[in-house]
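Colleague: Input my_file.pdb, format and content: PDB, C-alpha atoms.
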```pdb
ATOM      1  CA  ALA A   4     -31.988  13.133 -33.023  1.00  0.00           C
ATOM      2  CA  GLN A   5     -32.699   9.617 -34.129  1.00  0.00           C
ATOM      3  CA  LYS A   6     -32.915   9.137 -37.880  1.00  0.00           C
ATOM      4  CA  VAL A   7     -32.550   6.519 -40.595  1.00  0.00           C
ATOM      5  CA  THR A   8     -31.826   7.550 -44.166  1.00  0.00           C
ATOM      6  CA  GLN A   9     -32.253   5.273 -47.129  1.00  0.00           C
ATOM      7  CA  ALA A  10     -31.233   7.600 -49.919  1.00  0.00           C
ATOM      8  CA  GLN A  11     -32.091   5.207 -52.722  1.00  0.00           C
ATOM      9  CA  THR A  12     -35.808   5.458 -53.345  1.00  0.00           C
ATOM     10  CA  GLU A  13     -35.840   2.861 -56.093  1.00  0.00           C
ATOM     11  CA  ILE A  14     -33.279   0.585 -57.713  1.00  0.00           C
ATOM     12  CA  SER A  15     -33.736  -1.500 -60.840  1.00  0.00           C
ATOM     13  CA  VAL A  16     -31.332  -4.271 -61.781  1.00  0.00           C
ATOM     14  CA  VAL A  17     -31.245  -7.186 -64.144  1.00  0.00           C
ATOM     15  CA  GLU A  18     -31.294 -10.666 -62.700  1.00  0.00           C
ATOM     16  CA  LYS A  19     -27.890 -11.949 -61.550  1.00  0.00           C
ATOM     17  CA  GLU A  20     -26.543  -8.481 -60.930  1.00  0.00           C
ATOM     18  CA  ASP A  21     -25.250  -7.599 -57.474  1.00  0.00           C
ATOM     19  CA  VAL A  22     -27.023  -4.746 -55.722  1.00  0.00           C
ATOM     20  CA  THR A  23     -26.263  -2.777 -52.560  1.00  0.00           C
ATOM     21  CA  LEU A  24     -28.909  -0.994 -50.545  1.00  0.00           C
ATOM     22  CA  ASP A  25     -27.596   1.866 -48.450  1.00  0.00           C
ATOM     23  CA  CYS A  26     -28.610   2.757 -44.917  1.00  0.00           C
ATOM     24  CA  VAL A  27     -27.221   5.632 -42.872  1.00  0.00           C
ATOM     25  CA  TYR A  28     -28.368   6.256 -39.344  1.00  0.00           C
ATOM     26  CA  GLU A  29     -28.074   8.909 -36.642  1.00  0.00           C
ATOM     27  CA  THR A  30     -28.240   8.305 -32.922  1.00  0.00           C
ATOM     28  CA  ARG A  31     -26.736   9.744 -29.767  1.00  0.00           C
ATOM     29  CA  ASP A  32     -26.894   6.448 -27.921  1.00  0.00           C
ATOM     30  CA  THR A  33     -23.914   4.143 -27.640  1.00  0.00           C
ATOM     31  CA  THR A  34     -26.151   1.104 -27.395  1.00  0.00           C
ATOM     32  CA  TYR A  35     -28.499   0.561 -30.263  1.00  0.00           C
ATOM     33  CA  TYR A  36     -29.716  -2.053 -32.694  1.00  0.00           C
ATOM     34  CA  LEU A  37     -30.019  -2.055 -36.443  1.00  0.00           C
ATOM     35  CA  PHE A  38     -32.371  -4.155 -38.518  1.00  0.00           C
ATOM     36  CA  TRP A  39     -33.248  -4.914 -42.100  1.00  0.00           C
ATOM     37  CA  TYR A  40     -36.751  -5.979 -43.054  1.00  0.00           C
ATOM     38  CA  LYS A  41     -38.133  -7.031 -46.423  1.00  0.00           C
ATOM     39  CA  GLN A  42     -41.648  -6.181 -47.605  1.00  0.00           C
ATOM     40  CA  PRO A  43     -42.553  -8.287 -50.641  1.00  0.00           C
ATOM     41  CA  PRO A  44     -45.530  -7.428 -52.864  1.00  0.00           C
ATOM     42  CA  SER A  45     -47.767  -9.505 -50.599  1.00  0.00           C
ATOM     43  CA  GLY A  46     -47.361  -6.765 -48.002  1.00  0.00           C
ATOM     44  CA  GLU A  47     -46.120  -8.355 -44.796  1.00  0.00           C
ATOM     45  CA  LEU A  48     -42.745  -7.374 -43.372  1.00  0.00           C
ATOM     46  CA  VAL A  49     -40.148 -10.083 -42.946  1.00  0.00           C
ATOM     47  CA  PHE A  50     -37.179  -9.841 -40.604  1.00  0.00           C
ATOM     48  CA  LEU A  51     -33.792 -10.297 -42.290  1.00  0.00           C
ATOM     49  CA  ILE A  52     -31.105  -9.380 -39.785  1.00  0.00           C
ATOM     50  CA  ARG A  53     -30.352  -7.679 -36.485  1.00  0.00           C
ATOM     51  CA  ARG A  54     -27.036  -6.168 -35.470  1.00  0.00           C
ATOM     52  CA  ASN A  55     -26.146  -4.505 -32.163  1.00  0.00           C
ATOM     53  CA  SER A  56     -23.869  -1.512 -31.897  1.00  0.00           C
ATOM     54  CA  PHE A  57     -21.069  -3.489 -30.280  1.00  0.00           C
ATOM     55  CA  ASP A  58     -20.803  -6.050 -33.019  1.00  0.00           C
ATOM     56  CA  GLU A  59     -19.274  -4.677 -36.191  1.00  0.00           C
ATOM     57  CA  GLN A  60     -18.599  -8.042 -37.682  1.00  0.00           C
ATOM     58  CA  ASN A  61     -20.026  -8.297 -41.152  1.00  0.00           C
ATOM     59  CA  GLU A  62     -22.437 -11.093 -41.844  1.00  0.00           C
ATOM     60  CA  ILE A  63     -23.195 -13.280 -44.828  1.00  0.00           C
ATOM     61  CA  SER A  64     -26.272 -15.416 -45.244  1.00  0.00           C
ATOM     62  CA  GLY A  65     -26.462 -17.105 -48.599  1.00  0.00           C
ATOM     63  CA  ARG A  66     -26.728 -14.387 -51.238  1.00  0.00           C
ATOM     64  CA  TYR A  67     -27.256 -11.715 -48.585  1.00  0.00           C
ATOM     65  CA  SER A  68     -24.497  -9.822 -46.815  1.00  0.00           C
ATOM     66  CA  TRP A  69     -24.415  -6.867 -44.483  1.00  0.00           C
ATOM     67  CA  ASN A  70     -21.665  -4.332 -43.913  1.00  0.00           C
ATOM     68  CA  PHE A  71     -21.874  -2.464 -40.607  1.00  0.00           C
ATOM     69  CA  GLN A  72     -19.490   0.475 -40.184  1.00  0.00           C
ATOM     70  CA  LYS A  73     -19.852   2.586 -37.063  1.00  0.00           C
ATOM     71  CA  SER A  74     -17.267   5.068 -38.319  1.00  0.00           C
ATOM     72  CA  THR A  75     -19.613   6.108 -41.108  1.00  0.00           C
ATOM     73  CA  SER A  76     -22.876   5.206 -39.313  1.00  0.00           C
ATOM     74  CA  SER A  77     -23.829   2.895 -42.114  1.00  0.00           C
ATOM     75  CA  PHE A  78     -25.405  -0.524 -42.296  1.00  0.00           C
ATOM     76  CA  ASN A  79     -25.521  -1.499 -45.946  1.00  0.00           C
ATOM     77  CA  PHE A  80     -27.146  -4.558 -47.429  1.00  0.00           C
ATOM     78  CA  THR A  81     -25.862  -6.388 -50.500  1.00  0.00           C
ATOM     79  CA  ILE A  82     -27.674  -8.998 -52.538  1.00  0.00           C
ATOM     80  CA  THR A  83     -25.376 -11.056 -54.720  1.00  0.00           C
ATOM     81  CA  ALA A  84     -26.662 -12.546 -57.955  1.00  0.00           C
ATOM     82  CA  SER A  85     -30.077 -10.967 -57.557  1.00  0.00           C
ATOM     83  CA  GLN A  86     -33.211 -12.891 -58.469  1.00  0.00           C
ATOM     84  CA  VAL A  87     -36.687 -11.789 -59.457  1.00  0.00           C
ATOM     85  CA  VAL A  88     -37.973 -13.020 -56.088  1.00  0.00           C
ATOM     86  CA  ASP A  89     -35.781 -10.398 -54.410  1.00  0.00           C
ATOM     87  CA  SER A  90     -38.081  -7.697 -55.768  1.00  0.00           C
ATOM     88  CA  ALA A  91     -39.516  -5.982 -52.714  1.00  0.00           C
ATOM     89  CA  VAL A  92     -39.271  -2.918 -50.530  1.00  0.00           C
ATOM     90  CA  TYR A  93     -36.399  -3.128 -48.076  1.00  0.00           C
ATOM     91  CA  PHE A  94     -36.440  -1.213 -44.813  1.00  0.00           C
ATOM     92  CA  CYS A  95     -33.571  -0.390 -42.542  1.00  0.00           C
ATOM     93  CA  ALA A  96     -34.519   0.335 -38.917  1.00  0.00           C
ATOM     94  CA  LEU A  97     -32.765   1.770 -35.870  1.00  0.00           C
ATOM     95  CA  SER A  98     -33.718   0.942 -32.310  1.00  0.00           C
ATOM     96  CA  ASP A  99     -32.262   2.887 -29.423  1.00  0.00           C
ATOM     97  CA  LEU A 100     -34.759   4.467 -27.052  1.00  0.00           C
ATOM     98  CA  LYS A 101     -37.202   4.538 -29.930  1.00  0.00           C
ATOM     99  CA  LEU A 102     -37.724   2.394 -32.988  1.00  0.00           C
ATOM    100  CA  VAL A 103     -37.492   4.229 -36.291  1.00  0.00           C
ATOM    101  CA  PHE A 104     -37.723   2.861 -39.809  1.00  0.00           C
ATOM    102  CA  GLY A 105     -36.173   4.350 -42.913  1.00  0.00           C
ATOM    103  CA  ALA A 106     -38.352   5.290 -45.852  1.00  0.00           C
ATOM    104  CA  GLY A 107     -37.509   2.081 -47.652  1.00  0.00           C
ATOM    105  CA  THR A 108     -35.853   1.237 -50.965  1.00  0.00           C
ATOM    106  CA  ILE A 109     -37.886  -0.342 -53.738  1.00  0.00           C
ATOM    107  CA  LEU A 110     -35.837  -3.015 -55.455  1.00  0.00           C
ATOM    108  CA  ARG A 111     -36.985  -4.223 -58.869  1.00  0.00           C
ATOM    109  CA  VAL A 112     -35.179  -7.200 -60.323  1.00  0.00           C
ATOM    110  CA  LYS A 113     -35.962  -7.823 -63.968  1.00  0.00           C
ATOM    111  CA  SER A 114     -35.491 -11.121 -65.725  1.00  0.00           C
TER
ATOM    112  CA  ASP B   4     -47.557 -22.465 -36.269  1.00  0.00           C
ATOM    113  CA  ALA B   5     -49.852 -19.570 -37.044  1.00  0.00           C
ATOM    114  CA  GLY B   6     -48.247 -16.187 -37.447  1.00  0.00           C
ATOM    115  CA  VAL B   7     -49.635 -12.890 -36.281  1.00  0.00           C
ATOM    116  CA  ILE B   8     -53.291 -12.685 -37.231  1.00  0.00           C
ATOM    117  CA  GLN B   9     -54.984  -9.409 -38.077  1.00  0.00           C
ATOM    118  CA  SER B  10     -58.602  -8.693 -38.886  1.00  0.00           C
ATOM    119  CA  PRO B  11     -60.143  -7.388 -40.940  1.00  0.00           C
ATOM    120  CA  ARG B  12     -57.720  -7.425 -43.858  1.00  0.00           C
ATOM    121  CA  HIS B  13     -59.559  -4.598 -45.534  1.00  0.00           C
ATOM    122  CA  GLU B  14     -61.854  -1.988 -44.058  1.00  0.00           C
ATOM    123  CA  VAL B  15     -63.713   0.747 -45.847  1.00  0.00           C
ATOM    124  CA  THR B  16     -65.642   3.194 -43.741  1.00  0.00           C
ATOM    125  CA  GLU B  17     -67.025   6.684 -43.835  1.00  0.00           C
ATOM    126  CA  MET B  18     -65.606   9.664 -42.058  1.00  0.00           C
ATOM    127  CA  GLY B  19     -66.844   9.924 -38.506  1.00  0.00           C
ATOM    128  CA  GLN B  20     -67.363   6.216 -38.015  1.00  0.00           C
ATOM    129  CA  GLU B  21     -65.602   4.153 -35.364  1.00  0.00           C
ATOM    130  CA  VAL B  22     -63.067   1.646 -36.611  1.00  0.00           C
ATOM    131  CA  THR B  23     -61.666  -1.269 -34.634  1.00  0.00           C
ATOM    132  CA  LEU B  24     -58.679  -3.244 -35.823  1.00  0.00           C
ATOM    133  CA  ARG B  25     -57.820  -6.554 -34.211  1.00  0.00           C
ATOM    134  CA  CYS B  26     -54.636  -8.492 -33.656  1.00  0.00           C
ATOM    135  CA  LYS B  27     -53.754 -11.898 -32.294  1.00  0.00           C
ATOM    136  CA  PRO B  28     -50.008 -12.205 -31.584  1.00  0.00           C
ATOM    137  CA  ILE B  29     -48.003 -15.370 -31.907  1.00  0.00           C
ATOM    138  CA  SER B  30     -48.509 -17.614 -28.894  1.00  0.00           C
ATOM    139  CA  GLY B  31     -45.716 -17.142 -26.370  1.00  0.00           C
ATOM    140  CA  HIS B  32     -44.796 -13.687 -27.564  1.00  0.00           C
ATOM    141  CA  ASN B  33     -45.145 -11.093 -24.833  1.00  0.00           C
ATOM    142  CA  SER B  34     -44.458  -7.925 -26.802  1.00  0.00           C
ATOM    143  CA  LEU B  35     -46.920  -6.428 -29.248  1.00  0.00           C
ATOM    144  CA  PHE B  36     -46.526  -3.466 -31.555  1.00  0.00           C
ATOM    145  CA  TRP B  37     -48.949  -1.450 -33.694  1.00  0.00           C
ATOM    146  CA  TYR B  38     -47.627   0.355 -36.773  1.00  0.00           C
ATOM    147  CA  ARG B  39     -49.116   2.569 -39.446  1.00  0.00           C
ATOM    148  CA  GLN B  40     -47.744   2.690 -42.984  1.00  0.00           C
ATOM    149  CA  THR B  41     -48.504   5.482 -45.449  1.00  0.00           C
ATOM    150  CA  MET B  42     -46.796   6.766 -48.541  1.00  0.00           C
ATOM    151  CA  MET B  43     -46.220  10.156 -46.962  1.00  0.00           C
ATOM    152  CA  ARG B  44     -44.940   9.115 -43.550  1.00  0.00           C
ATOM    153  CA  GLY B  45     -43.624   5.629 -44.153  1.00  0.00           C
ATOM    154  CA  LEU B  46     -43.743   3.070 -41.355  1.00  0.00           C
ATOM    155  CA  GLU B  47     -44.467   4.552 -37.937  1.00  0.00           C
ATOM    156  CA  LEU B  48     -44.577   2.820 -34.572  1.00  0.00           C
ATOM    157  CA  LEU B  49     -47.811   3.824 -32.844  1.00  0.00           C
ATOM    158  CA  ILE B  50     -47.708   1.919 -29.572  1.00  0.00           C
ATOM    159  CA  TYR B  51     -45.886  -0.923 -27.895  1.00  0.00           C
ATOM    160  CA  PHE B  52     -47.168  -3.337 -25.218  1.00  0.00           C
ATOM    161  CA  ASN B  53     -45.116  -5.571 -22.995  1.00  0.00           C
ATOM    162  CA  ASN B  54     -46.923  -8.221 -20.968  1.00  0.00           C
ATOM    163  CA  ASN B  55     -50.240  -6.569 -21.917  1.00  0.00           C
ATOM    164  CA  VAL B  56     -49.150  -3.200 -20.497  1.00  0.00           C
ATOM    165  CA  PRO B  57     -48.723  -0.183 -22.795  1.00  0.00           C
ATOM    166  CA  ILE B  58     -45.092   0.876 -22.494  1.00  0.00           C
ATOM    167  CA  ASP B  59     -44.719   3.568 -25.127  1.00  0.00           C
ATOM    168  CA  ASP B  60     -47.667   5.240 -26.813  1.00  0.00           C
ATOM    169  CA  SER B  61     -45.829   8.364 -27.919  1.00  0.00           C
ATOM    170  CA  GLY B  62     -46.453   7.445 -31.536  1.00  0.00           C
ATOM    171  CA  MET B  63     -50.228   7.518 -31.212  1.00  0.00           C
ATOM    172  CA  PRO B  64     -51.174  10.475 -33.377  1.00  0.00           C
ATOM    173  CA  GLU B  65     -54.200  11.856 -31.567  1.00  0.00           C
ATOM    174  CA  ASP B  66     -56.739  11.181 -28.878  1.00  0.00           C
ATOM    175  CA  ARG B  67     -58.932   9.687 -31.546  1.00  0.00           C
ATOM    176  CA  PHE B  68     -56.611   6.674 -31.463  1.00  0.00           C
ATOM    177  CA  SER B  69     -56.646   4.182 -28.616  1.00  0.00           C
ATOM    178  CA  ALA B  70     -55.213   0.716 -28.147  1.00  0.00           C
ATOM    179  CA  LYS B  71     -55.881  -2.023 -25.655  1.00  0.00           C
ATOM    180  CA  MET B  72     -54.486  -5.420 -24.853  1.00  0.00           C
ATOM    181  CA  PRO B  73     -56.898  -7.136 -22.454  1.00  0.00           C
ATOM    182  CA  ASN B  74     -54.955 -10.397 -22.503  1.00  0.00           C
ATOM    183  CA  ALA B  75     -51.849 -11.965 -23.970  1.00  0.00           C
ATOM    184  CA  SER B  76     -53.599 -13.185 -27.082  1.00  0.00           C
ATOM    185  CA  PHE B  77     -55.583 -10.175 -28.226  1.00  0.00           C
ATOM    186  CA  SER B  78     -55.161  -6.491 -28.927  1.00  0.00           C
ATOM    187  CA  THR B  79     -57.290  -3.809 -30.551  1.00  0.00           C
ATOM    188  CA  LEU B  80     -56.557  -0.472 -32.142  1.00  0.00           C
ATOM    189  CA  LYS B  81     -59.556   1.834 -32.258  1.00  0.00           C
ATOM    190  CA  ILE B  82     -60.044   5.045 -34.157  1.00  0.00           C
ATOM    191  CA  GLN B  83     -63.004   7.190 -33.165  1.00  0.00           C
ATOM    192  CA  PRO B  84     -64.055   9.197 -35.046  1.00  0.00           C
ATOM    193  CA  SER B  85     -62.182   8.199 -38.179  1.00  0.00           C
ATOM    194  CA  GLU B  86     -60.980  10.741 -40.735  1.00  0.00           C
ATOM    195  CA  PRO B  87     -59.814  10.366 -44.349  1.00  0.00           C
ATOM    196  CA  ARG B  88     -56.219  11.069 -43.307  1.00  0.00           C
ATOM    197  CA  ASP B  89     -56.313   7.905 -41.203  1.00  0.00           C
ATOM    198  CA  SER B  90     -56.345   5.862 -44.405  1.00  0.00           C
ATOM    199  CA  ALA B  91     -53.296   3.617 -44.247  1.00  0.00           C
ATOM    200  CA  VAL B  92     -52.134   0.061 -43.752  1.00  0.00           C
ATOM    201  CA  TYR B  93     -52.011  -0.827 -40.068  1.00  0.00           C
ATOM    202  CA  PHE B  94     -49.635  -3.565 -39.019  1.00  0.00           C
ATOM    203  CA  CYS B  95     -49.478  -5.522 -35.820  1.00  0.00           C
ATOM    204  CA  ALA B  96     -46.239  -7.241 -34.820  1.00  0.00           C
ATOM    205  CA  SER B  97     -45.181  -9.403 -31.910  1.00  0.00           C
ATOM    206  CA  SER B  98     -41.884 -10.574 -30.499  1.00  0.00           C
ATOM    207  CA  LEU B  99     -40.446 -13.034 -28.028  1.00  0.00           C
ATOM    208  CA  PRO B 100     -39.704 -12.037 -24.421  1.00  0.00           C
ATOM    209  CA  GLU B 101     -36.113 -10.967 -24.808  1.00  0.00           C
ATOM    210  CA  SER B 102     -34.429  -8.136 -23.039  1.00  0.00           C
ATOM    211  CA  PRO B 103     -34.178  -5.388 -24.028  1.00  0.00           C
ATOM    212  CA  TRP B 104     -37.340  -5.187 -26.128  1.00  0.00           C
ATOM    213  CA  ARG B 105     -35.737  -2.960 -28.683  1.00  0.00           C
ATOM    214  CA  ALA B 106     -33.326  -5.705 -29.667  1.00  0.00           C
ATOM    215  CA  ASN B 107     -36.071  -8.087 -30.635  1.00  0.00           C
ATOM    216  CA  GLU B 108     -36.867  -9.499 -34.025  1.00  0.00           C
ATOM    217  CA  GLN B 109     -40.482  -8.673 -34.752  1.00  0.00           C
ATOM    218  CA  PHE B 110     -42.956 -10.890 -36.556  1.00  0.00           C
ATOM    219  CA  PHE B 111     -45.446  -8.873 -38.559  1.00  0.00           C
ATOM    220  CA  GLY B 112     -49.016  -9.641 -39.422  1.00  0.00           C
ATOM    221  CA  PRO B 113     -50.389  -9.176 -42.949  1.00  0.00           C
ATOM    222  CA  GLY B 114     -51.793  -5.757 -42.139  1.00  0.00           C
ATOM    223  CA  THR B 115     -55.215  -4.139 -42.339  1.00  0.00           C
ATOM    224  CA  ARG B 116     -55.781  -1.754 -45.217  1.00  0.00           C
ATOM    225  CA  LEU B 117     -58.067   1.008 -43.926  1.00  0.00           C
ATOM    226  CA  THR B 118     -59.810   3.411 -46.248  1.00  0.00           C
ATOM    227  CA  VAL B 119     -61.803   6.257 -44.746  1.00  0.00           C
ATOM    228  CA  LEU B 120     -64.044   7.983 -47.262  1.00  0.00           C
TER
END
```
Can you dump the structure from the file as structure tokens?
Modeller:
Amino acid sequence: AQKVTQAQTEISVVEKEDVTLDCVYETRDTTYYLFWYKQPPSGELVFLIRRNSFDEQNEISGRYSWNFQKSTSSFNFTITASQVVDSAVYFCALSDLKLVFGAGTILRVKS
Amino acid sequence: DAGVIQSPRHEVTEMGQEVTLRCKPISGHNSLFWYRQTMMRGLELLIYFNNNVPIDDSGMPEDRFSAKMPNASFSTLKIQPSEPRDSAVYFCASSLPESPWRANEQFFGPGTRLTVL
């Protein structure tokens, strides 16, 4: 069955700390896509990254980095030197034959 | 460029009433998605259109829900009759014509917050 688990319901950090958001997925398909979206307090969802199942290369974009490991079915997201503006709900999503979102992780960055 | 436009932004109605939510996708996008977000169930995909044709409506919860896309620039999600458990934030999203659809980055609208009393 298709499933995305974000075990961390809520994380609180102090500004400038690094923080990693975990995402574990389940799928029977060999071809699939993984996404991270950010939902700031304003409510809209914003695309952050897409990764396909054949590309395990990790990616860095500014303070954001993603670690994709097929062996552990994980697609974790790290924010380096967190800022208050990073406070949001972060969703991991899996797309194979269906599109499923995880429950989300609330990140609170305090100044 | 304008993003995905949804209206109304907030809707309060009474149980049994018909509710119509509207969405205008980004120009040039040929895929459109309707989602529902609640605390209990999280973010759920309700239905997906490609080139105005409904491709997957398996997420539509009941017959009370229906969605249409009469042209490339407009879609509606209708609930009739509405019930209190339909209270949620409903998002519309669109994406560029890439293949396969499930690989696409989606652009979300601001959502419609529906409250059914």
Colleague: What is the distance, in Å and to one decimal place, between atom CA of Gly65 of chain A and atom CA of Ala10 of chain A?
Modeller: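 It comes out at 25.2 Å.
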Colleague: Run the PyMOL selection byres ((chain A) within 8 of (chain B)) against the file shown and list the residues it catches, as a list in words.
Modeller: Tyr35, Tyr36, Gly46, Glu47, Leu48, Val49, Phe50, Arg53, Asn55, Ser98, Asp99, Leu100, Lys101, Leu102, Val103, Phe104, Gly105, Ala106 and Gly107 of chain A
Colleague: Which of these residues is nearest to Pro44 of chain A, using all atoms listed in the file: A:Glu29, A:Asp89, A:Asp58, A:Asp21?
Modeller: A:Asp89
Colleague: For the file shown, report as a list in words the outcome of the PyMOL selection byres ((chain B and resi 65-70) around 10) at residue level.
Modeller: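 Expected selection for the PyMOL selection byres ((chain B and resi 65-70) around 10) here is Glu21, Val22, Thr23, Leu24, Arg25, Trp37, Leu49, Ile50, Tyr51, Phe52, Pro57, Asp60, Ser61, Gly62, Met63, Pro64, Lys71, Met72, Pro73, Ser78, Thr79, Leu80, Lys81, Ile82, Gln83, Pro84, Ser85, Glu86 and Asp89 of chain B.
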Colleague: Write a file of the selected residues as a PDB file, keeping the file's coordinate frame, keeping C-alpha atoms.
Modeller:
```pdb
ATOM      1  CA  GLU B  21     -65.602   4.153 -35.364  1.00  0.00           C
ATOM      2  CA  VAL B  22     -63.067   1.646 -36.611  1.00  0.00           C
ATOM      3  CA  THR B  23     -61.666  -1.269 -34.634  1.00  0.00           C
ATOM      4  CA  LEU B  24     -58.679  -3.244 -35.823  1.00  0.00           C
ATOM      5  CA  ARG B  25     -57.820  -6.554 -34.211  1.00  0.00           C
ATOM      6  CA  TRP B  37     -48.949  -1.450 -33.694  1.00  0.00           C
ATOM      7  CA  LEU B  49     -47.811   3.824 -32.844  1.00  0.00           C
ATOM      8  CA  ILE B  50     -47.708   1.919 -29.572  1.00  0.00           C
ATOM      9  CA  TYR B  51     -45.886  -0.923 -27.895  1.00  0.00           C
ATOM     10  CA  PHE B  52     -47.168  -3.337 -25.218  1.00  0.00           C
ATOM     11  CA  PRO B  57     -48.723  -0.183 -22.795  1.00  0.00           C
ATOM     12  CA  ASP B  60     -47.667   5.240 -26.813  1.00  0.00           C
ATOM     13  CA  SER B  61     -45.829   8.364 -27.919  1.00  0.00           C
ATOM     14  CA  GLY B  62     -46.453   7.445 -31.536  1.00  0.00           C
ATOM     15  CA  MET B  63     -50.228   7.518 -31.212  1.00  0.00           C
ATOM     16  CA  PRO B  64     -51.174  10.475 -33.377  1.00  0.00           C
ATOM     17  CA  LYS B  71     -55.881  -2.023 -25.655  1.00  0.00           C
ATOM     18  CA  MET B  72     -54.486  -5.420 -24.853  1.00  0.00           C
ATOM     19  CA  PRO B  73     -56.898  -7.136 -22.454  1.00  0.00           C
ATOM     20  CA  SER B  78     -55.161  -6.491 -28.927  1.00  0.00           C
ATOM     21  CA  THR B  79     -57.290  -3.809 -30.551  1.00  0.00           C
ATOM     22  CA  LEU B  80     -56.557  -0.472 -32.142  1.00  0.00           C
ATOM     23  CA  LYS B  81     -59.556   1.834 -32.258  1.00  0.00           C
ATOM     24  CA  ILE B  82     -60.044   5.045 -34.157  1.00  0.00           C
ATOM     25  CA  GLN B  83     -63.004   7.190 -33.165  1.00  0.00           C
ATOM     26  CA  PRO B  84     -64.055   9.197 -35.046  1.00  0.00           C
ATOM     27  CA  SER B  85     -62.182   8.199 -38.179  1.00  0.00           C
ATOM     28  CA  GLU B  86     -60.980  10.741 -40.735  1.00  0.00           C
ATOM     29  CA  ASP B  89     -56.313   7.905 -41.203  1.00  0.00           C
TER      30      ASP B  89
END
```
Colleague: Taking 6 positions as the minimum chain separation for residues in the same chain, which residues sit within 9 Å of Asn70 of chain A when counting all atoms listed in the file? Answer as number ranges by chain.
Modeller: A: 59-62, 77-81
Colleague: Compare B:Ser34, B:Gln40, B:Ser76, B:Gln20 by their minimum atom-to-atom distance to Thr115 of chain B, counting only C-alpha atoms, and give me the closest one.
Modeller: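 Under the stated criterion, the closest residue is B:Gln40.
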Colleague: Near Ile14 of chain A, within 8 Å and counting only C-alpha atoms, which residues show up once chain neighbours fewer than 6 positions away are dropped, as a list in words?
Modeller: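 Residues near the query, excluding close chain neighbours: Thr108, Ile109, Leu110 and Arg111 of chain A.
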Colleague: Would you kindly return, as a list in words, each protein, DNA or RNA residue with an atom no farther than 8 Å from any atom of Tyr28 of chain A, considering only C-alpha atoms and excluding same-chain residues fewer than 3 positions away?
Modeller: Gln5, Lys6, Val7, Thr8, Ser76, Ser77, Phe78 and Leu97 of chain A
Colleague: When you look at Ser56 of chain A with a cut-off of 10 Å (counting all atoms listed in the file), what residues show up, excluding the ones that are within fewer than 6 positions of it in the same chain? I need them as a ChimeraX atom specification.
Modeller: /A:32-37,71-73,99
Colleague: So what do you get for atom CA of His32 of chain B versus atom CA of Leu117 of chain B, distance-wise?
Modeller: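 Separation of atom CA of His32 of chain B and atom CA of Leu117 of chain B: 25.7 Å.
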Colleague: Could you tell me how far atom CA of Cys26 of chain A sits from atom CA of Ser114 of chain A, in Å to one decimal place?
Modeller: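 Going from atom CA of Ser114 of chain A over to atom CA of Cys26 of chain A covers 25.9 Å.
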Colleague: Write segment 37-46 of chain B as a short mmCIF file (atom, residue, chain, number, x, y, z; two decimals), in the frame of the given file, completed to N, CA, C and O atoms.
Modeller:
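The file below, result.cif, is the result:
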```cif
data_model
loop_
_atom_site.label_atom_id
_atom_site.label_comp_id
_atom_site.auth_asym_id
_atom_site.auth_seq_id
_atom_site.Cartn_x
_atom_site.Cartn_y
_atom_site.Cartn_z
N TRP B 37 -48.06 -1.93 -32.62
CA TRP B 37 -48.95 -1.45 -33.69
C TRP B 37 -48.20 -0.40 -34.51
O TRP B 37 -47.59 0.52 -33.97
N TYR B 38 -48.27 -0.56 -35.84
CA TYR B 38 -47.63 0.36 -36.77
C TYR B 38 -48.66 0.88 -37.77
O TYR B 38 -49.67 0.24 -38.05
N ARG B 39 -48.32 2.03 -38.35
CA ARG B 39 -49.12 2.57 -39.45
C ARG B 39 -48.17 2.83 -40.61
O ARG B 39 -47.07 3.37 -40.42
N GLN B 40 -48.57 2.47 -41.81
CA GLN B 40 -47.74 2.69 -42.98
C GLN B 40 -48.51 3.50 -44.02
O GLN B 40 -49.61 3.11 -44.45
N THR B 41 -47.94 4.64 -44.40
CA THR B 41 -48.50 5.48 -45.45
C THR B 41 -47.40 5.88 -46.40
O THR B 41 -46.21 5.81 -46.07
N MET B 42 -47.79 6.32 -47.57
CA MET B 42 -46.80 6.77 -48.54
C MET B 42 -46.07 8.00 -48.03
O MET B 42 -44.87 8.15 -48.22
N MET B 43 -46.81 8.88 -47.38
CA MET B 43 -46.22 10.16 -46.96
C MET B 43 -45.28 10.00 -45.77
O MET B 43 -44.22 10.62 -45.72
N ARG B 44 -45.67 9.18 -44.81
CA ARG B 44 -44.94 9.12 -43.55
C ARG B 44 -44.18 7.81 -43.35
O ARG B 44 -43.47 7.67 -42.34
N GLY B 45 -44.34 6.89 -44.28
CA GLY B 45 -43.62 5.63 -44.15
C GLY B 45 -44.20 4.76 -43.05
O GLY B 45 -45.41 4.80 -42.77
N LEU B 46 -43.33 4.00 -42.39
CA LEU B 46 -43.74 3.07 -41.36
C LEU B 46 -43.49 3.71 -39.99
O LEU B 46 -42.36 4.04 -39.65
#
```
